[in-house]
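> Here's a structure for you.
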Amino acid sequence: MAPRGADEMRDRVVLGEFGVRNVHTTDFPGNYPGYEDAWDQRRFEETFRVDVIREEEDALEFDMVGIDAAIANAFRRILLAEVPTMAVEKVFVYNNTSIVQDEILAHRLGLIPIRADPRLFEYRNQGDQEGTEIDTLQFQLKIKCKRNPQAAKESSDPDELYFNHKVYSKDMTWVPLGNQTDLFPDADFRPVHDDILIALLRPGQEIDVLMHCVKGIGKDHAKFSPVATASYRLLPEITLLQPIEDEAAETLQKCFSPGVIEIQNINGKKVARVANARLDTFSREVFRHEGLKNLVRLARVRNHYIFSVESTGILPPDVLVSEAIRILMGKCQRFLNELDSVPME
Amino acid sequence: MFGYSLERCFKLFFYFQEKWRLLPAFLKVKGLVKQHIDSFNYFINVEIKKIMKANEKVTSDADPMWYLKYLNIYVGTPDVEESFNVTRPVSPHECRLRDMTYSAPITVDIEYTRGSQRIIRNALPIGRMPIMLRSSNCVLTGKTPAEFAKLNECPLDPGGYFIVKGVEKVILIQEQLSKNRIIVEADRKGTVGASVTSSTHEKKSRTNMVVKQGRFYLRHNTLSEDIPIAIIFKAMGVESDQEIVQMIGTEEHVMAAFAPSLEECQKAQIFTQMQALKYVGNKVRRQRMWGGPKKTKMEEARELLASTILTHVLVKEFNFRAKCIYTAVMVRRVILAQGENKVDDRDYYGNKRLELAGQLLSLLFEDLFKKFNSELKKIADQVIPKQRAAQFDVVKHMRQDQITNGMVNAISTGNWSLKRFKMDRQGVTQVLSRLSYISALGMMTRISSQFEKTRKVSGPRSLQPSQWGMLCPSDTPEGEACGLVKNLALMTHITTDMEDGPIIKLASNLGVEDVNLLCGEELSYPNVFLVFLNGNILGVIRDHQKLVNTFRIMRRAGYINEFVSISTNLSDRCVYISSDGGRLCRPYIIVKKQKPAVTNKHMEELAQGYRNFEDFLHEGLVEYLDVNEENDCNIALYESTINKDTTHLEIEPFTLLGVCAGLIPYPHHNQSPRNTYQCAMGKQAMGTIGYNQRNRIDTLMYLLAYPQKPMVKTKTIELIDFEKLPAGQNATVAVMSYSGYDIEDALVLNKASLDRGFGRCLVYKNAKCTLKRYTNQTFDKVMGPMLDAATRKPIWHHEILDADGICSPGEKVENKQVLVNKSMPTVTQTPLEGSSVPQQPQYKDVPVTYKGATDSYIEKVMISSNAEDAFLIKMLLRQTRRPEIGDKFSSRHGQKGVCGLIVPQEDMPFCDTGICPDIIMNPHGFPSRMTVGKLIELLAGKAGVLDGRFHYGTAFGGSKVKDVCEDLIRHGYNYLGKDYVTSGITGEPLEAYIYFGPVYYQKLKHMVLDKMHARARGPRAVLTRQPTEGRSRDGGLRLGEMERDCLIGYGASMLLLERLMISSDAFEVDVCGQCGLLGYSGWCHYCKSSCHVSSLRIPYACKLLFQELQSMNIIPRLKLAKYNE
């Protein structure tokens, strides 16, 4: 049974017809009589839980239960903006006769995710134009479009008429700097995706650019963000306040995402039952049905975060999360050091 | 019964969906700028020949045997003279790039005499005619898109403009009151009068019928005073009062109203034509005599009546019958209007005519051609009497430049001054705005009216019901030109002139009795209708209904031109037939027996390409109606509203909007001024301007880096190919308040979106330079870069120059760097004979430098030559800009706003799926603006994104909100479009559901970078030594009168002193205490002493004033006193 009264206010975010209630965290120590909300590591360790729900090559869904919104949000923010990656930062244009302007070309190149573990590299020093092997990856894109002499005369298909008329990210090649071949003997630095279209060429046009890839964070530019997106939602909780039967049950089922409501046959009656609230996307269709809207309570569990991390493919999402945790730990450590270093009055 | 209606319903439904397909078919044959092109084609193919015919013979007073006769005239295809007598065809784009005029030679075939020989010469050039793009003589006509690409031309470019000296010029459509029509109007005092502006090829005049104390007078500016109308009748040969009254009308009240006028004539003792002519002759304003035989006053009066008054009513051999009847009809109109007060409406669009490029050019050409001929005559008069060895050959005196320059100058300046018609118009042409595709298209449909902009009248500015479907109700500028500048609707066509001979013949065959055969009384018979053709009385008809019906049947069958209109006016008892040019018309589906003539079968054939729009016209399924004929018809908007009286069916209601308003999704849900605002803003939106945009070198061009098709489109968008040349991006918008930096319509932008390319734009500017050759055989030079003596590297100013002294493409230019290192000889005039010629010409540097606060990149450099054979160097400079705080954006609903804050992605709110908005918009923008269309656009856009398809927001149609909501529900979204959103800052959910979805946003050309300005110290004006004015001169920020008043009110006198003098133009002057005049360096020149000279600080402007006053003999004296005494 879902919590009521103070419990509801403390632990649930309630979705009403016209707005969301109890959005703020209120479980401060002493705020609720009878609750021991003071920080207790042992209790935290007991209740805190991380369940990985779905793990794919570049996407991860996991539940984080028993944590405050501020901390969960910190992970999300760090994933978006502070986990470093490598991206093209400087483009040296030697020749570009394509119709793509130099700046636009550079911008496009910058946004291509580069498969290179940023942990192997250092941040480039400010004002450094040259770059060294420890902070820079060099790529080259040198391509020229030519007419295909074998093409059929009446053909109008550019794929057949020309060579290299489409410049893809796969055309970028790594040019080792300094002793990088020794440093990374089996490294294969290249764009994550081979099929990102960079430019279209016509015979005679060519692109000859050199790129410097540096380590950076998403706060500086979105191209350094290691995730396509990282976000979370709270675990939905749907409570039927009264048994809902027959026709009403069927309408109810239609009001939610598929699989949320299940209809059971009990004593010849169709009875609605919440099967899997997690699947609901909160279209809040129930509220459009006058008869149903007071029989259902839509809520979300305040401390149950369903995280979804979609990596750009540079690093696996699980690594990203642990990196994010490491960064947060680092920040905490720095803050503690800072506190320690301030002389007590 | 049931079965029938079901079948009908089904048909209805099916039909509804397909009917709009007529529209693209229509636009194919009569595109958006077709009126311009048609009109120009008519001019160069037909009208120009008529002009030639009218002025075909040139004779000389010196030799009666000598003559020059034009046999034919042609306009060729555009070409350019490569070298002497070698020409080659030229493409429009080449003209744009090389600053040339896209023009074709005008050639004539002539027959003339040389001595006693008669000679025929063919294809003799007399001048050049600027050619309208896509007209019949343009190289672009009938080309395929691939051929367009070869010519560097955009296939979507509408054409219809001229290229003059490299500038694209549009001759705007001019709105005028229609010529040769009787307009009955009340003047300010409420007295009713009639007026006619008559216009023929030769003359233009205005005749008024006025009422003074119940008597009728004729007023004309060639007559020194108003002439009683009865005298005019008598002068025109109607001597009997009875006949006059019969012509005007024999009804009791009409006779009563006219009686005083007859009395007056009686009083003036005028009974015969002779007396009347004498009377009129005495009132004729003396005109300068152009020689010729001297005429008597009577002759003069008769001449005047025949040719000048009511010019358009033809008088042959002084047969005044038609003119008498016309005058009588005018009088009758005024009498009838007085009683019932049914005056004509000046603003009624049936009384308007639109003048297009062709008509304007033909006026200009005729003027120039006449001037050309009179010049030839003058030369002949001068040369023939002198006996020469060679016989007079007129061909040698035919100079081409007069006509060429006349045309080019008129188009490039927009000054149309024709002495013949006392016409002196400014601003007829405008530079085609190439800010976006829409702005160019919008300009081609623009109509400018002749009314004065400053006058505060509401009549001509307000929306007239008769403009329905012809002019866009939304697209008009705000402010002073509001309602005077209009735009054509999507399906409007403007007619061109037609031959009226066949129409007259047809009318008389259909029973119209000729005016000349009437006695006069028939005009006022209650069952007789007057028949007018283009304002002239053709005759009378008894069964007008039959005439009109037969006429229409003939037209539908294709026996007469589809643009001839016929309409009845029951209150005036008239039938009007019009075949003149400049009428607005639009096609309608004909309804017969409550069924539209166009059926599904036809539409299928259209879809399969068996049939085109012309076929619909020829088969009488569709016809054009002009404004007057529309009044005669019963037009159903939808098929479901057809009743037994319906005669026509609208093709599609959304066509009543124009091009610019057609971009707005769901405009019928918006408050109407919002649509008007969007029409103005759509023209400022950046995007793409044409497929050839990268080949252009314009003075200013804005492009969007990543333009997108709108998620919610309209039928109009598809028809005008806006999707192929879009101007805007689909932004995910959250309607919520955020941070306080979003008040007053400011927008909050997502930094990550900007990083990824949202709103990123390219700004192109050009730099130009010509290398001229001077008369003394010197010429401009381009020098290589100057090298630094020590390093042997170019100096910083010349860093980007190539060895040839012109900047190289791809380089970055900074402020004050040199683009072309041009030098010019110091002496450019031919030295006087005898004076010593310097061996080596001296050169001075006149470099083309880059000026701009921000750096640019050189995109390309063009080296060519212009029409004067001078070298032409053009450089294209590029800047890439990402949006910044203060840049202006707008949705398609007149909701503009500047960027108020740029927020990192992690601070942005996000929904359950992790989507962050690109733009946060404050909800306060909605309640007062009532732009419901924007709300629906968001909803439809969101549903479209989820389904992966585009939705339609076509006016009076489009995707239904209900269906769109169903789509949202299907995808698990709230049907209202409101999402559960989490704050990115706290991580907690927001208390409200947020309206969240994609809206098409336009980036407008107003950017902070171009406007920001600040100055601490800087340049000063030479005369006053005060800071300069304006951003371009790095001027100061003015502390104006009102600000000064505030400071005075506050008592901040020292601040005032500091602002107005010390920081501006403080100046130390020496003033003599004795004489009070200004001295100089401690010495008073007036007193010749330095005893009383003291030094003070006054504004320099004040000192200047004193001196200027002195210079006009006013002595300002300063009285000095110590301030502590």
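Going through the structure tokens in order, the chains are called A, B, and so on, while each chain numbers its residues from 1 and the ligands are numbered from 1 in the order shown.
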Would you kindly report the residues of chain B within 7 Å of chain A, using only C-alpha atoms, as a list of chain:residue names?
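Applying the cut-off to the listed atoms yields B:Ala752, B:Asp755, B:Arg756, B:Thr880, B:Glu906, B:Asp912, B:Gly914, B:Ile969, B:Gly972, B:Tyr973, B:Asn974, B:Thr986, B:Gly987, B:Glu988, B:Pro989, B:Leu990, B:Glu991, B:Ala992, B:Tyr993.
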> Output all heavy atoms of each residue in that selection to a file, as a short mmCIF file (atom, residue, chain, number, x, y, z; two decimals), in the first residue's frame.

```cif
data_model
loop_
_atom_site.label_atom_id
_atom_site.label_comp_id
_atom_site.auth_asym_id
_atom_site.auth_seq_id
_atom_site.Cartn_x
_atom_site.Cartn_y
_atom_site.Cartn_z
N ALA B 752 24.63 24.38 -24.91
CA ALA B 752 25.01 23.20 -25.68
C ALA B 752 24.39 23.24 -27.08
O ALA B 752 25.02 22.81 -28.05
CB ALA B 752 24.60 21.94 -24.94
N ASP B 755 26.51 25.41 -29.07
CA ASP B 755 27.76 24.69 -29.39
C ASP B 755 27.54 23.77 -30.57
O ASP B 755 28.42 23.57 -31.40
CB ASP B 755 28.21 23.84 -28.20
CG ASP B 755 28.78 24.69 -27.08
OD1 ASP B 755 29.09 25.86 -27.34
OD2 ASP B 755 28.90 24.18 -25.95
N ARG B 756 26.33 23.20 -30.63
CA ARG B 756 26.07 22.22 -31.68
C ARG B 756 25.59 22.87 -32.96
O ARG B 756 25.30 22.18 -33.93
CB ARG B 756 25.04 21.20 -31.18
CG ARG B 756 25.62 20.34 -30.10
CD ARG B 756 24.64 19.37 -29.52
NE ARG B 756 25.32 18.56 -28.51
CZ ARG B 756 24.92 18.45 -27.26
NH1 ARG B 756 23.83 19.06 -26.85
NH2 ARG B 756 25.61 17.71 -26.41
N THR B 880 31.68 34.21 -39.29
CA THR B 880 30.78 33.21 -38.74
C THR B 880 30.43 33.65 -37.34
O THR B 880 31.32 33.99 -36.56
CB THR B 880 31.44 31.83 -38.71
OG1 THR B 880 31.95 31.56 -40.00
CG2 THR B 880 30.46 30.77 -38.33
N GLU B 906 23.51 21.63 -18.39
CA GLU B 906 23.20 20.94 -17.15
C GLU B 906 22.26 21.74 -16.26
O GLU B 906 21.60 21.18 -15.40
CB GLU B 906 24.49 20.56 -16.41
CG GLU B 906 25.39 21.72 -16.00
CD GLU B 906 26.42 22.10 -17.05
OE1 GLU B 906 26.22 21.78 -18.23
OE2 GLU B 906 27.44 22.72 -16.66
N ASP B 912 11.33 13.65 -18.79
CA ASP B 912 11.61 12.25 -18.42
C ASP B 912 12.52 11.55 -19.41
O ASP B 912 13.30 10.69 -19.04
CB ASP B 912 10.28 11.48 -18.33
CG ASP B 912 9.71 11.56 -16.93
OD1 ASP B 912 10.35 12.21 -16.09
OD2 ASP B 912 8.64 10.98 -16.70
N GLY B 914 14.87 12.90 -20.94
CA GLY B 914 16.19 13.50 -20.90
C GLY B 914 16.38 14.62 -21.89
O GLY B 914 17.50 15.06 -22.12
N ILE B 969 -0.98 11.24 -27.32
CA ILE B 969 -1.40 10.23 -26.35
C ILE B 969 -0.85 8.87 -26.75
O ILE B 969 -0.36 8.11 -25.92
CB ILE B 969 -2.95 10.18 -26.28
CG1 ILE B 969 -3.47 11.51 -25.74
CG2 ILE B 969 -3.42 9.03 -25.40
CD1 ILE B 969 -4.95 11.71 -25.95
N GLY B 972 2.39 8.18 -25.48
CA GLY B 972 2.56 8.25 -24.03
C GLY B 972 2.82 9.64 -23.51
O GLY B 972 3.37 9.81 -22.43
N TYR B 973 2.45 10.65 -24.30
CA TYR B 973 2.62 12.03 -23.84
C TYR B 973 1.26 12.57 -23.42
O TYR B 973 0.21 12.08 -23.85
CB TYR B 973 3.21 12.91 -24.95
CG TYR B 973 4.70 12.75 -25.07
CD1 TYR B 973 5.25 11.70 -25.77
CD2 TYR B 973 5.54 13.66 -24.45
CE1 TYR B 973 6.62 11.55 -25.86
CE2 TYR B 973 6.92 13.52 -24.55
CZ TYR B 973 7.45 12.47 -25.25
OH TYR B 973 8.80 12.32 -25.34
N ASN B 974 1.31 13.61 -22.63
CA ASN B 974 0.08 14.26 -22.23
C ASN B 974 -0.54 14.93 -23.44
O ASN B 974 0.15 15.52 -24.26
CB ASN B 974 0.40 15.28 -21.14
CG ASN B 974 -0.84 15.98 -20.66
OD1 ASN B 974 -1.07 17.12 -20.98
ND2 ASN B 974 -1.67 15.26 -19.93
N THR B 986 18.31 22.15 -9.24
CA THR B 986 18.09 21.47 -7.96
C THR B 986 17.97 19.97 -8.12
O THR B 986 18.20 19.22 -7.19
CB THR B 986 16.80 21.96 -7.29
OG1 THR B 986 15.70 21.59 -8.12
CG2 THR B 986 16.81 23.46 -7.12
N GLY B 987 17.59 19.52 -9.28
CA GLY B 987 17.38 18.09 -9.46
C GLY B 987 16.00 17.65 -9.02
O GLY B 987 15.65 16.48 -9.16
N GLU B 988 15.21 18.58 -8.52
CA GLU B 988 13.86 18.25 -8.09
C GLU B 988 12.88 18.58 -9.21
O GLU B 988 13.15 19.46 -10.04
CB GLU B 988 13.50 19.06 -6.84
CG GLU B 988 14.23 18.56 -5.61
CD GLU B 988 14.07 19.49 -4.42
OE1 GLU B 988 13.59 20.62 -4.61
OE2 GLU B 988 14.45 19.08 -3.32
N PRO B 989 11.72 17.90 -9.21
CA PRO B 989 10.75 18.21 -10.26
C PRO B 989 10.19 19.62 -10.11
O PRO B 989 10.20 20.18 -9.01
CB PRO B 989 9.65 17.17 -10.08
CG PRO B 989 9.96 16.42 -8.85
CD PRO B 989 11.29 16.81 -8.34
N LEU B 990 9.71 20.17 -11.22
CA LEU B 990 9.06 21.47 -11.16
C LEU B 990 7.60 21.28 -10.76
O LEU B 990 7.00 20.26 -11.07
CB LEU B 990 9.13 22.16 -12.53
CG LEU B 990 10.52 22.46 -13.06
CD1 LEU B 990 10.41 23.19 -14.38
CD2 LEU B 990 11.30 23.30 -12.07
N GLU B 991 7.05 22.28 -10.09
CA GLU B 991 5.69 22.13 -9.58
C GLU B 991 4.65 22.17 -10.69
O GLU B 991 3.53 21.73 -10.51
CB GLU B 991 5.40 23.23 -8.56
CG GLU B 991 5.99 22.90 -7.22
CD GLU B 991 5.49 23.82 -6.13
OE1 GLU B 991 4.27 23.90 -5.93
OE2 GLU B 991 6.33 24.45 -5.48
N ALA B 992 5.01 22.78 -11.81
CA ALA B 992 4.04 22.89 -12.91
C ALA B 992 4.46 21.96 -14.03
O ALA B 992 5.63 21.64 -14.17
CB ALA B 992 3.99 24.32 -13.41
N TYR B 993 3.46 21.54 -14.80
CA TYR B 993 3.78 20.83 -16.04
C TYR B 993 4.17 21.88 -17.06
O TYR B 993 3.58 22.96 -17.12
CB TYR B 993 2.57 20.03 -16.52
CG TYR B 993 2.13 18.98 -15.53
CD1 TYR B 993 0.87 19.01 -14.97
CD2 TYR B 993 3.00 17.96 -15.16
CE1 TYR B 993 0.46 18.05 -14.07
CE2 TYR B 993 2.60 17.00 -14.25
CZ TYR B 993 1.33 17.05 -13.71
OH TYR B 993 0.95 16.10 -12.81
#
```
> Write down as a PyMOL selection string the residues of stretch 822-971 of chain B whose backbone DSSP state falls under alpha helix (DSSP H).
chain B and resi 932-947+961-970
> With distances taken over only C-alpha atoms, which of A:Asp159, A:Glu290, A:Asp246, A:Glu237 is nearest to A:Pro203?
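The shortest atom-to-atom distance to A:Pro203 comes from A:Asp159.
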> Excluding stretch 456-473 of chain B and its own-chain neighbours fewer than 5 positions away, which residues fall within 8 Å of it when counting only C-alpha atoms? Please give them as a PDB file with C-alpha atoms, in the first residue's frame.

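part-v7.pdb written:
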```pdb
ATOM      1  CA  ASP B 347     -11.096  52.777 -52.268  1.00  0.00           C
ATOM      2  CA  TYR B 348     -13.168  50.060 -53.877  1.00  0.00           C
ATOM      3  CA  TYR B 349     -10.699  47.800 -55.579  1.00  0.00           C
ATOM      4  CA  GLY B 350     -12.721  47.471 -58.751  1.00  0.00           C
ATOM      5  CA  PHE B 451      -1.129  58.204 -51.840  1.00  0.00           C
ATOM      6  CA  CYS B 482       0.601  50.960 -43.279  1.00  0.00           C
ATOM      7  CA  GLY B 483      -2.139  49.972 -45.669  1.00  0.00           C
ATOM      8  CA  LEU B 484      -0.598  51.868 -48.540  1.00  0.00           C
ATOM      9  CA  LYS B 486       0.141  45.966 -49.999  1.00  0.00           C
ATOM     10  CA  ASN B 487       0.943  42.524 -51.284  1.00  0.00           C
ATOM     11  CA  LEU B 488      -0.728  40.294 -53.809  1.00  0.00           C
ATOM     12  CA  ALA B 489      -2.457  37.168 -52.643  1.00  0.00           C
ATOM     13  CA  MET B 491      -3.609  33.353 -56.827  1.00  0.00           C
ATOM     14  CA  THR B 492      -3.967  36.905 -58.014  1.00  0.00           C
ATOM     15  CA  LEU B 584      -6.835  42.136 -60.480  1.00  0.00           C
ATOM     16  CA  CYS B 585      -8.391  38.798 -61.087  1.00  0.00           C
ATOM     17  CA  ARG B 586      -8.247  35.278 -59.780  1.00  0.00           C
ATOM     18  CA  VAL B 627     -13.096  42.417 -58.721  1.00  0.00           C
ATOM     19  CA  THR B 655      -4.996  31.474 -51.202  1.00  0.00           C
ATOM     20  CA  LEU B 656      -6.417  34.713 -49.886  1.00  0.00           C
ATOM     21  CA  LEU B 657      -3.156  35.111 -48.030  1.00  0.00           C
ATOM     22  CA  GLY B 658       0.028  36.184 -49.713  1.00  0.00           C
ATOM     23  CA  ALA B 661       1.566  35.277 -44.550  1.00  0.00           C
TER      24      ALA B 661
END
```
> Residues at most 10 Å from A:Arg119, counting only C-alpha atoms, excluding those fewer than 2 positions away in the same chain, as number ranges by chain?
A: 84-86, 116-117, 121-123, 215, 323
> Extract, using only C-alpha atoms, all DNA, RNA and protein residues at most 12 Å from A:Pro158, discarding same-chain residues fewer than 2 positions from it, and format them as a PyMOL selection string.
chain A and resi 145-148+151-156+160-166+200-203
> Identify, with DSSP run on backbone atoms, the residues in stretch 79-122 of chain B assigned to strand (DSSP E), and express the list as a list of chain:residue names.
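The strand (DSSP E) subset of stretch 79-122 of chain B is B:Asp79, B:Val80, B:Glu81, B:Glu82, B:Ser83, B:Val86, B:Thr87, B:Arg88, B:Pro89, B:Ser103, B:Ala104, B:Pro105, B:Ile106, B:Thr107, B:Val108, B:Asp109, B:Ile110, B:Glu111, B:Tyr112, B:Thr113, B:Arg114, B:Gln117, B:Arg118, B:Ile119, B:Ile120, B:Arg121, B:Asn122.
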> Report, in Å to a single decimal, how far apart atom CA of B:Glu175 and atom CA of B:Val192 are.
24.9 Å
> Using Å and a single decimal, report how far atom CA of B:Gln1107 sits from atom CA of B:Val1069.
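Interatomic distance, atom CA of B:Val1069 to atom CA of B:Gln1107: 12.1 Å.
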